[in-house]
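A.B. asks: Sharing target_16.cif below, mmCIF, C-alpha atoms:
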data_target
loop_
_atom_site.label_atom_id
_atom_site.label_comp_id
_atom_site.auth_asym_id
_atom_site.auth_seq_id
_atom_site.Cartn_x
_atom_site.Cartn_y
_atom_site.Cartn_z
CA MET E 108 -45.00 -15.15 12.10
CA ILE E 109 -43.80 -18.36 10.47
CA GLU E 110 -46.29 -20.41 12.48
CA ARG E 111 -49.13 -18.07 11.43
CA ALA E 112 -48.10 -18.41 7.76
CA LEU E 113 -47.94 -22.18 8.02
CA GLN E 114 -51.39 -22.31 9.60
CA GLY E 115 -52.82 -20.62 6.52
CA LEU E 116 -51.47 -23.34 4.23
CA SER E 117 -53.61 -26.30 3.34
CA VAL E 118 -52.50 -29.68 2.12
CA MET E 119 -54.03 -28.98 -1.29
CA THR E 120 -52.11 -25.71 -1.61
CA VAL E 121 -48.84 -27.49 -0.90
CA LEU E 122 -49.72 -30.19 -3.42
CA ARG E 123 -50.56 -27.60 -6.08
CA VAL E 124 -47.25 -25.78 -5.53
CA ALA E 125 -45.35 -29.08 -5.60
CA LEU E 126 -47.03 -30.09 -8.86
CA VAL E 127 -46.18 -26.74 -10.46
CA VAL E 128 -42.55 -27.04 -9.33
CA LEU E 129 -42.35 -30.60 -10.66
CA LEU E 130 -43.87 -29.49 -13.98
CA VAL E 131 -41.34 -26.64 -14.31
CA LEU E 132 -38.43 -28.96 -13.48
CA ALA E 133 -39.69 -31.56 -15.97
CA CYS E 134 -40.00 -28.93 -18.71
CA LEU E 135 -36.49 -27.66 -17.98
CA GLU E 136 -35.13 -31.20 -18.13
CA ILE E 137 -36.83 -31.77 -21.48
CA ILE E 138 -35.43 -28.63 -23.11
CA ARG E 139 -32.04 -28.80 -21.35
CA PRO E 140 -30.26 -30.40 -24.37
CA PHE E 141 -31.60 -27.61 -26.58
CA ILE E 142 -31.02 -24.59 -24.32
CA GLY E 143 -27.78 -23.64 -26.06
CA ALA E 144 -29.30 -23.84 -29.53
CA LEU E 145 -32.43 -21.95 -28.43
CA LEU E 146 -30.38 -19.14 -26.86
CA TRP E 147 -28.18 -18.90 -29.94
CA GLY E 148 -31.29 -18.83 -32.14
CA VAL E 149 -32.67 -15.88 -30.15
CA ILE E 150 -29.32 -14.06 -30.38
CA ILE E 151 -29.19 -14.62 -34.16
CA ALA E 152 -32.77 -13.42 -34.64
CA VAL E 153 -32.20 -10.24 -32.62
CA SER E 154 -28.91 -9.56 -34.40
CA VAL E 155 -30.17 -9.94 -37.97
CA TRP E 156 -33.59 -8.36 -37.40
CA PRO E 157 -32.69 -5.01 -39.06
CA ALA E 158 -31.40 -6.84 -42.14
CA PHE E 159 -34.56 -8.98 -42.18
CA VAL E 160 -36.80 -5.87 -42.01
CA TRP E 161 -34.88 -4.32 -44.91
CA LEU E 162 -35.19 -7.51 -46.99
CA ARG E 163 -38.89 -7.87 -46.21
CA ALA E 164 -39.52 -4.32 -47.40
CA ARG E 165 -37.70 -5.10 -50.67
CA LEU E 166 -39.88 -8.22 -51.08
CA GLN E 167 -43.08 -6.17 -50.66
CA GLY E 168 -43.86 -7.46 -47.17
CA ARG E 169 -43.58 -11.20 -47.88
CA THR E 170 -42.45 -12.28 -44.42
CA VAL E 171 -42.13 -16.02 -45.00
CA LEU E 172 -40.05 -15.57 -48.15
CA ALA E 173 -37.77 -13.05 -46.42
CA ALA E 174 -37.30 -15.35 -43.42
CA SER E 175 -36.53 -18.30 -45.71
CA MET E 176 -33.93 -16.28 -47.61
CA MET E 177 -32.33 -15.20 -44.33
CA VAL E 178 -32.16 -18.83 -43.19
CA VAL E 179 -30.45 -19.85 -46.44
CA ALA E 180 -27.98 -16.97 -46.13
CA MET E 181 -27.16 -17.88 -42.51
CA MET E 182 -26.71 -21.53 -43.44
CA LEU E 183 -24.22 -20.51 -46.13
CA ALA E 184 -22.43 -18.15 -43.75
CA MET E 185 -22.19 -20.39 -40.66
CA ALA E 186 -23.16 -24.03 -41.18
CA VAL E 187 -21.54 -24.68 -44.58
CA PRO E 188 -18.05 -23.39 -43.60
CA LEU E 189 -18.11 -25.53 -40.45
CA ALA E 190 -19.16 -28.59 -42.47
CA LEU E 191 -16.31 -27.99 -44.93
CA MET E 192 -13.89 -27.59 -42.03
CA LEU E 193 -15.03 -30.92 -40.57
CA LEU E 194 -14.40 -32.62 -43.92
CA THR E 195 -10.96 -31.02 -44.06
CA LEU E 196 -10.21 -32.16 -40.51
CA ALA E 197 -11.26 -35.72 -41.34
CA GLU E 198 -8.95 -35.70 -44.38
CA SER E 199 -6.08 -34.15 -42.42
CA VAL E 200 -5.71 -36.97 -39.88
CA PRO E 201 -4.60 -39.67 -42.40
CA MET E 202 -2.54 -37.04 -44.25
CA ILE E 203 -0.64 -36.22 -41.05
CA ALA E 204 -0.07 -39.93 -40.43
CA ASP E 205 1.37 -40.30 -43.94
CA GLN E 206 3.62 -37.27 -43.40
CA VAL E 207 4.95 -38.74 -40.15
CA HIS E 208 5.66 -42.03 -41.93
CA LEU E 209 7.50 -40.24 -44.75
CA LEU E 210 9.42 -38.11 -42.26
CA SER E 211 10.87 -41.20 -40.60
CA GLY E 212 12.68 -42.08 -43.83
CA MET E 213 14.04 -38.60 -44.55
CA PRO E 214 17.44 -37.51 -43.21
CA LEU E 215 17.52 -34.31 -41.21
CA PRO E 216 20.04 -31.64 -42.26
CA PRO E 217 22.59 -30.39 -39.72
CA ALA E 218 21.36 -27.90 -37.15
CA PRO E 219 21.23 -24.41 -38.72
CA ASP E 220 23.56 -21.72 -37.44
CA TRP E 221 20.73 -19.42 -36.38
CA LEU E 222 19.47 -22.13 -34.02
CA ARG E 223 22.86 -22.38 -32.31
CA SER E 224 23.08 -18.60 -32.00
CA LEU E 225 19.85 -18.32 -30.00
CA PRO E 226 20.57 -16.86 -26.55
CA MET E 227 20.41 -19.23 -23.57
CA VAL E 228 18.67 -22.11 -25.38
CA GLY E 229 20.72 -22.27 -28.60
CA ASN E 230 23.13 -25.02 -27.55
CA MET E 231 20.36 -27.08 -25.97
CA ALA E 232 18.15 -26.79 -29.06
CA ALA E 233 21.05 -27.65 -31.38
CA GLY E 234 21.89 -30.69 -29.24
CA ALA E 235 18.30 -31.92 -29.41
CA TRP E 236 18.36 -31.39 -33.19
CA GLU E 237 21.54 -33.47 -33.55
CA ASN E 238 20.13 -36.26 -31.36
CA ALA E 239 17.01 -36.38 -33.52
CA ARG E 240 19.19 -36.35 -36.65
CA ALA E 241 21.19 -39.33 -35.39
CA ASP E 242 18.13 -41.53 -34.78
CA LEU E 243 15.01 -39.98 -36.28
CA PRO E 244 13.09 -43.29 -36.75
CA GLY E 245 13.71 -44.22 -33.12
CA LEU E 246 12.57 -40.79 -31.95
CA LEU E 247 9.38 -41.02 -33.98
CA GLU E 248 8.75 -44.53 -32.64
CA LYS E 249 8.98 -43.20 -29.09
CA ALA E 250 6.61 -40.40 -30.01
CA ARG E 251 4.12 -42.74 -31.71
CA PRO E 252 1.90 -43.25 -28.60
CA THR E 253 1.65 -39.48 -28.17
CA ILE E 254 0.87 -39.04 -31.86
CA ASN E 255 -1.85 -41.71 -31.66
CA LYS E 256 -3.38 -40.07 -28.59
CA THR E 257 -3.33 -36.71 -30.34
CA ALA E 258 -5.04 -38.21 -33.39
CA LEU E 259 -7.74 -39.79 -31.21
CA TRP E 260 -8.20 -36.48 -29.41
CA ALA E 261 -8.58 -34.70 -32.76
CA LEU E 262 -11.18 -37.24 -33.88
CA GLY E 263 -13.06 -36.77 -30.60
CA LYS E 264 -13.07 -33.02 -31.06
CA GLY E 265 -14.27 -33.57 -34.61
CA ALA E 266 -17.23 -35.52 -33.22
CA ASP E 267 -17.93 -32.64 -30.81
CA LEU E 268 -17.82 -30.22 -33.73
CA SER E 269 -20.33 -32.42 -35.58
CA ILE E 270 -22.73 -32.00 -32.65
CA SER E 271 -22.04 -28.26 -32.69
CA LEU E 272 -22.89 -28.23 -36.40
CA LEU E 273 -26.28 -29.79 -35.67
CA GLU E 274 -26.85 -27.23 -32.91
CA ILE E 275 -25.98 -24.38 -35.27
CA VAL E 276 -28.43 -25.73 -37.87
CA LEU E 277 -31.12 -25.96 -35.17
CA ALA E 278 -30.32 -22.44 -33.95
CA ILE E 279 -30.63 -21.04 -37.48
CA CYS E 280 -34.00 -22.77 -37.90
CA VAL E 281 -35.16 -21.30 -34.56
CA ALA E 282 -33.96 -17.87 -35.71
CA GLY E 283 -35.91 -18.27 -38.95
CA LEU E 284 -39.11 -19.09 -37.06
CA MET E 285 -38.58 -16.09 -34.78
CA LEU E 286 -38.01 -13.81 -37.76
CA ALA E 287 -41.21 -15.03 -39.38
CA ARG E 288 -43.11 -14.26 -36.15
CA GLY E 289 -40.93 -11.38 -35.01
CA GLU E 290 -43.67 -8.97 -33.95
CA GLU E 291 -45.41 -11.66 -31.90
CA ALA E 292 -42.11 -12.57 -30.21
CA GLN E 293 -41.41 -8.91 -29.47
CA ARG E 294 -44.84 -8.38 -27.91
CA LEU E 295 -44.38 -11.52 -25.81
CA ALA E 296 -40.96 -10.33 -24.58
CA ILE E 297 -42.39 -6.92 -23.62
CA ARG E 298 -45.32 -8.55 -21.78
CA VAL E 299 -42.96 -10.84 -19.86
CA ALA E 300 -40.75 -7.87 -18.95
CA ASP E 301 -43.80 -5.89 -17.80
CA ARG E 302 -45.02 -8.80 -15.69
CA LEU E 303 -41.61 -9.17 -14.07
CA GLY E 304 -40.76 -5.52 -13.52
CA GLY E 305 -43.89 -3.48 -14.15
CA ALA E 306 -43.49 0.16 -15.07
CA SER E 307 -39.91 0.20 -13.77
CA VAL E 308 -38.78 -1.86 -16.75
CA GLY E 309 -38.73 1.24 -18.98
CA THR E 310 -36.54 0.78 -22.05
CA LEU E 311 -34.91 -2.39 -20.72
CA PRO E 312 -35.90 -4.45 -23.81
CA GLN E 313 -34.17 -1.87 -26.03
CA VAL E 314 -31.08 -1.99 -23.80
CA ILE E 315 -30.87 -5.78 -24.11
CA THR E 316 -31.47 -5.61 -27.87
CA LYS E 317 -28.74 -3.00 -28.31
CA MET E 318 -26.24 -5.04 -26.27
CA ILE E 319 -26.97 -8.26 -28.18
CA ARG E 320 -26.51 -6.54 -31.54
CA GLY E 321 -23.45 -4.70 -30.30
CA VAL E 322 -21.67 -7.82 -29.08
CA THR E 323 -22.64 -9.75 -32.19
CA ALA E 324 -21.25 -7.03 -34.46
CA GLY E 325 -18.31 -5.99 -32.30
CA VAL E 326 -16.97 -9.37 -31.22
CA ILE E 327 -18.35 -11.99 -33.59
CA GLY E 328 -18.59 -9.77 -36.68
CA THR E 329 -15.01 -8.56 -36.35
CA ALA E 330 -13.82 -12.11 -35.72
CA LEU E 331 -15.62 -13.35 -38.84
CA ALA E 332 -14.09 -10.56 -40.93
CA GLN E 333 -10.60 -11.43 -39.68
CA THR E 334 -11.22 -15.14 -40.27
CA VAL E 335 -12.40 -14.63 -43.85
CA LEU E 336 -9.33 -12.53 -44.67
CA CYS E 337 -7.03 -15.03 -42.94
CA VAL E 338 -8.48 -18.01 -44.84
CA ILE E 339 -8.23 -16.15 -48.16
CA GLY E 340 -4.56 -15.39 -47.50
CA LEU E 341 -3.83 -18.98 -46.45
CA LEU E 342 -5.54 -20.37 -49.56
CA ILE E 343 -3.64 -18.02 -51.87
CA ALA E 344 -0.36 -19.01 -50.19
CA GLY E 345 -1.22 -22.71 -50.59
CA VAL E 346 -1.12 -23.56 -46.87
CA PRO E 347 -2.65 -27.02 -46.23
CA GLY E 348 -5.54 -27.20 -43.79
CA SER E 349 -6.51 -23.57 -44.36
CA LEU E 350 -10.07 -24.07 -43.10
CA VAL E 351 -8.87 -25.66 -39.86
CA LEU E 352 -6.43 -22.80 -39.35
CA GLY E 353 -9.26 -20.40 -40.13
CA PHE E 354 -11.34 -21.94 -37.36
CA LEU E 355 -8.43 -21.47 -34.95
CA CYS E 356 -8.14 -17.86 -36.14
CA PHE E 357 -11.84 -17.33 -35.42
CA MET E 358 -11.49 -18.71 -31.89
CA MET E 359 -8.46 -16.47 -31.28
CA ALA E 360 -10.31 -13.40 -32.56
CA VAL E 361 -13.43 -14.06 -30.48
CA ALA E 362 -11.25 -14.56 -27.39
CA GLN E 363 -9.56 -11.20 -28.14
CA LEU E 364 -6.20 -12.91 -28.66
CA PRO E 365 -3.84 -11.92 -31.51
CA THR E 366 -4.64 -13.77 -34.72
CA LEU E 367 -0.97 -13.68 -35.72
CA LEU E 368 -0.60 -16.74 -33.50
CA VAL E 369 -2.27 -18.57 -36.41
CA TRP E 370 -1.11 -16.93 -39.63
CA LEU E 371 2.45 -16.02 -38.57
CA PRO E 372 3.58 -19.66 -38.05
CA ALA E 373 1.90 -20.50 -41.36
CA ALA E 374 3.86 -17.73 -43.10
CA LEU E 375 7.10 -18.93 -41.50
CA TRP E 376 6.33 -22.47 -42.69
CA VAL E 377 5.81 -21.18 -46.24
CA LEU E 378 9.16 -19.37 -46.04
CA TYR E 379 10.85 -22.49 -44.65
CA THR E 380 9.59 -24.62 -47.54
CA GLY E 381 11.35 -22.29 -49.99
CA HIS E 382 8.35 -20.30 -51.27
CA THR E 383 9.82 -16.93 -50.36
CA GLY E 384 7.43 -14.83 -52.44
CA MET E 385 4.30 -16.45 -51.01
CA GLY E 386 5.74 -16.29 -47.51
CA ILE E 387 6.35 -12.54 -47.79
CA PHE E 388 2.88 -12.12 -49.31
CA LEU E 389 1.27 -13.92 -46.36
CA LEU E 390 3.23 -11.81 -43.87
CA LEU E 391 2.12 -8.59 -45.56
CA TRP E 392 -1.45 -9.87 -45.89
CA GLY E 393 -1.59 -10.68 -42.19
CA PHE E 394 -0.06 -7.46 -40.91
CA LEU E 395 -1.76 -5.08 -43.35
CA LEU E 396 -5.22 -6.68 -43.64
CA VAL E 397 -6.00 -9.28 -40.97
CA ASN E 398 -4.65 -7.17 -38.12
CA THR E 399 -5.67 -3.79 -39.54
CA ILE E 400 -9.37 -4.60 -39.95
CA ASP E 401 -9.59 -5.31 -36.22
CA ASN E 402 -8.06 -1.91 -35.43
CA ILE E 403 -10.52 -0.20 -37.79
CA LEU E 404 -13.76 -1.96 -36.86
CA LYS E 405 -13.35 -2.07 -33.08
CA PRO E 406 -13.15 1.73 -32.51
CA ILE E 407 -16.18 2.27 -34.76
CA LEU E 408 -18.25 -0.24 -32.82
CA ILE E 409 -17.04 1.05 -29.47
CA SER E 410 -18.12 4.55 -30.49
CA GLN E 411 -21.64 3.14 -31.00
CA GLY E 412 -21.82 2.37 -27.29
CA VAL E 413 -20.58 -1.23 -27.23
CA ASN E 414 -17.70 -0.81 -24.80
CA LEU E 415 -17.04 -4.00 -22.85
CA PRO E 416 -14.02 -4.99 -20.77
CA MET E 417 -11.72 -7.49 -22.46
CA TRP E 418 -11.75 -9.73 -19.39
CA LEU E 419 -15.55 -9.99 -19.65
CA ILE E 420 -15.38 -11.13 -23.27
CA LEU E 421 -12.61 -13.61 -22.47
CA LEU E 422 -14.58 -15.07 -19.56
CA GLY E 423 -17.63 -15.33 -21.78
CA VAL E 424 -15.71 -17.15 -24.50
CA ILE E 425 -14.04 -19.65 -22.15
CA GLY E 426 -17.11 -20.22 -19.99
CA GLY E 427 -19.42 -20.50 -22.98
CA LEU E 428 -17.07 -22.96 -24.66
CA LEU E 429 -16.98 -25.15 -21.54
CA ALA E 430 -20.74 -24.94 -21.01
CA TRP E 431 -22.14 -25.30 -24.55
CA GLY E 432 -19.26 -26.30 -26.79
CA MET E 433 -18.57 -24.34 -29.94
CA ILE E 434 -21.82 -22.37 -29.94
CA GLY E 435 -20.80 -21.18 -26.49
CA LEU E 436 -18.27 -18.98 -28.29
CA PHE E 437 -21.26 -16.90 -29.40
CA ILE E 438 -23.59 -17.33 -26.43
CA GLY E 439 -21.08 -16.75 -23.63
CA PRO E 440 -19.90 -13.19 -24.45
CA THR E 441 -23.43 -12.10 -25.37
CA LEU E 442 -25.07 -13.31 -22.16
CA LEU E 443 -22.29 -11.92 -19.99
CA ALA E 444 -22.52 -8.58 -21.80
CA VAL E 445 -26.27 -8.40 -21.16
CA GLY E 446 -25.82 -9.41 -17.52
CA TYR E 447 -22.98 -6.93 -17.05
CA THR E 448 -25.07 -4.12 -18.52
CA LEU E 449 -28.10 -4.96 -16.35
CA PHE E 450 -25.84 -4.98 -13.29
CA ARG E 451 -24.53 -1.52 -14.21
CA LEU E 452 -28.09 -0.29 -14.71
CA TRP E 453 -29.01 -1.61 -11.28
CA LEU E 454 -26.09 0.26 -9.73
CA ASP E 455 -26.62 3.47 -11.71
CA PRO E 456 -29.95 3.86 -13.59
CA ALA E 457 -28.59 7.01 -15.26
CA ILE E 458 -26.44 4.77 -17.48
CA GLU E 459 -29.60 3.80 -19.37
CA SER E 460 -29.76 7.20 -21.07
CA ARG E 461 -26.26 6.65 -22.46
CA ILE E 462 -27.00 3.14 -23.72
CA VAL E 463 -30.39 3.76 -25.34
CA LEU E 464 -30.55 7.20 -26.93
CA PRO E 465 -33.87 8.71 -28.03
CA ALA E 466 -32.91 8.01 -31.65
CA ASP E 467 -32.41 4.34 -30.79
CA ALA E 468 -35.91 4.04 -29.35
CA GLY E 469 -37.36 5.52 -32.50
CA ALA E 470 -35.26 3.23 -34.64
CA VAL E 471 -36.46 0.19 -32.72
CA ALA E 472 -40.05 1.24 -33.16
CA SER E 473 -39.59 1.90 -36.86
CA GLU E 474 -38.14 -1.54 -37.41
CA ASP E 475 -41.42 -3.24 -36.57
CA PRO E 476 -43.97 -2.63 -39.32
CA PRO E 477 -47.07 -4.83 -39.41
CA ALA E 478 -46.20 -8.28 -40.66
CA GLN E 479 -47.66 -9.62 -43.87
CA ALA E 480 -47.70 -13.30 -44.65
#
Could the structure of this file be written out as structure tokens, please?
C.D. replies:
Amino acid sequence: MIERALQGLSVMTVLRVALVVLLVLACLEIIRPFIGALLWGVIIAVSVWPAFVWLRARLQGRTVLAASMMVVAMMLAMAVPLALMLLTLAESVPMIADQVHLLSGMPLPPAPDWLRSLPMVGNMAAGAWENARADLPGLLEKARPTINKTALWALGKGADLSISLLEIVLAICVAGLMLARGEEAQRLAIRVADRLGGASVGTLPQVITKMIRGVTAGVIGTALAQTVLCVIGLLIAGVPGSLVLGFLCFMMAVAQLPTLLVWLPAALWVLYTGHTGMGIFLLLWGFLLVNTIDNILKPILISQGVNLPMWLILLGVIGGLLAWGMIGLFIGPTLLAVGYTLFRLWLDPAIESRIVLPADAGAVASEDPPAQA
């Protein structure tokens, strides 16, 4: 059979196939640096499409104006906070160096009683405290190489974040172009799906759209809400580096880790510095608002059909971060959620009726009125 198939091949056919393969590989190599930004742009466009349709209707069908306003809003919501955080990070490195220098000239107080009373490690911790108290400048001098390496690492990560900022700006611009030509992009996606799967595709585009919007709202939206509340509380309490801590809070929230790992140490630091009122305020703010909003939003979004395993989201966050840097925090969970849902549909096609309800199909259709320039 193989010999018969090979006999039917001509040299020109092989050359044509080879040229097509080379062309595809060359195109992939050209766009490889932009794949992350392009994927994130598609995810943004799909996620904000309902808001864009609403805004376009309020602007009497002026598509370009509505898309431009959405781009400005997304820049203010995503790019500007990251740029401010980068500026804060750049200012924090020399500030930390100054604090370390000042610390070397300050005497440490005796080890507190509560430290000695800690079970199992109390005596060891108190001994280390007393050793540091006896020769704090010498201890800091020994730690200087580690501090320098940490500072260089922080600067390197700051450079990576600068690249991520450029990718986010590019992704927002891509999303704006897709919003302005949304109906054309939707028709193209449906044609590609039909060519790949034919009539068996069914409501697969609606399934993917629903999953993208669900993950964006459920994971990223909740994380943004927690981050905004956390940063507000940190700023009110006067915690230095609030934007950097807010970024850490966002990463924790996206990874489905407790955000108290960020704001609780900050509250304890405020209490330690003698600002008891602000410390108690930050504790209450964190427990009553930052944590509570997660418990309120998540069940609502899960009830809308966005029910994903925590391990899947965590894998998406870590894998996306390693693959695409900071924008991988958004791309990773979304792509894994879509892939996981398609895998479930392949195993059990009946799941499709529970993911895309008849009302959803009508809603998707109603969101696509004829575009007007």
A.B. asks: Please evaluate the PyMOL selection byres ((chain E and resi 437) around 10) against the structure above and give the resulting residues as a ChimeraX atom specification.
C.D. replies: /E:143,146-147,150-151,322-323,326-327,361,423-424,427-428,431-436,438-442
A.B. asks: Any idea what the distance is between atom CA of E:Leu452 and atom CA of E:Met417?
C.D. replies: 19.5 Å
A.B. asks: Got a sec to resolve the PyMOL selection byres ((chain E and resi 158-175) around 6) on this structure and send the residues as a ChimeraX atom specification?
C.D. replies: /E:155-157,176-178,283,286-287,479-480
A.B. asks: Would you mind reading off the distance between atom CA of E:Val131 and atom CA of E:Thr448, one decimal, in Å?
C.D. replies: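 Straight-line distance from atom CA of E:Val131 to atom CA of E:Thr448 works out to 28.1 Å.
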A.B. asks: Could you jot down the atom CA of E:Val153 to atom CA of E:Arg320 separation for me, Å, one decimal place?
C.D. replies: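 Here the two named atoms are 6.9 Å from each other.
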A.B. asks: Of the candidates E:Asp220, E:Leu284, E:Val369, E:Ile339, which shows the shortest atom-to-atom distance to E:Trp236, using all atoms listed in the file?
C.D. replies: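 Using all atoms listed in the file, the shortest distance to E:Trp236 belongs to E:Asp220.
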A.B. asks: Could you tell me which of E:Thr257, E:Ser349, E:Ser224, E:Gln313 comes closest to E:Thr334 if we count only C-alpha atoms?
C.D. replies: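 Comparing E:Thr257, E:Ser349, E:Ser224, E:Gln313 against E:Thr334, the winner is E:Ser349.
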A.B. asks: Return the single residue from E:Val124, E:Met119, E:Ala180, E:Ile403 that is closest to E:Gly325, with distances computed using all atoms listed in the file.
C.D. replies: E:Ile403
A.B. asks: Assuming the chain letters and numbering stay as they are in my file, what does the PyMOL selection byres ((chain E and resi 274) around 10) actually select? List them as a VMD selection string.
C.D. replies: chain E and resid 140 to 145 147 to 148 186 268 to 273 275 to 280 431 to 434
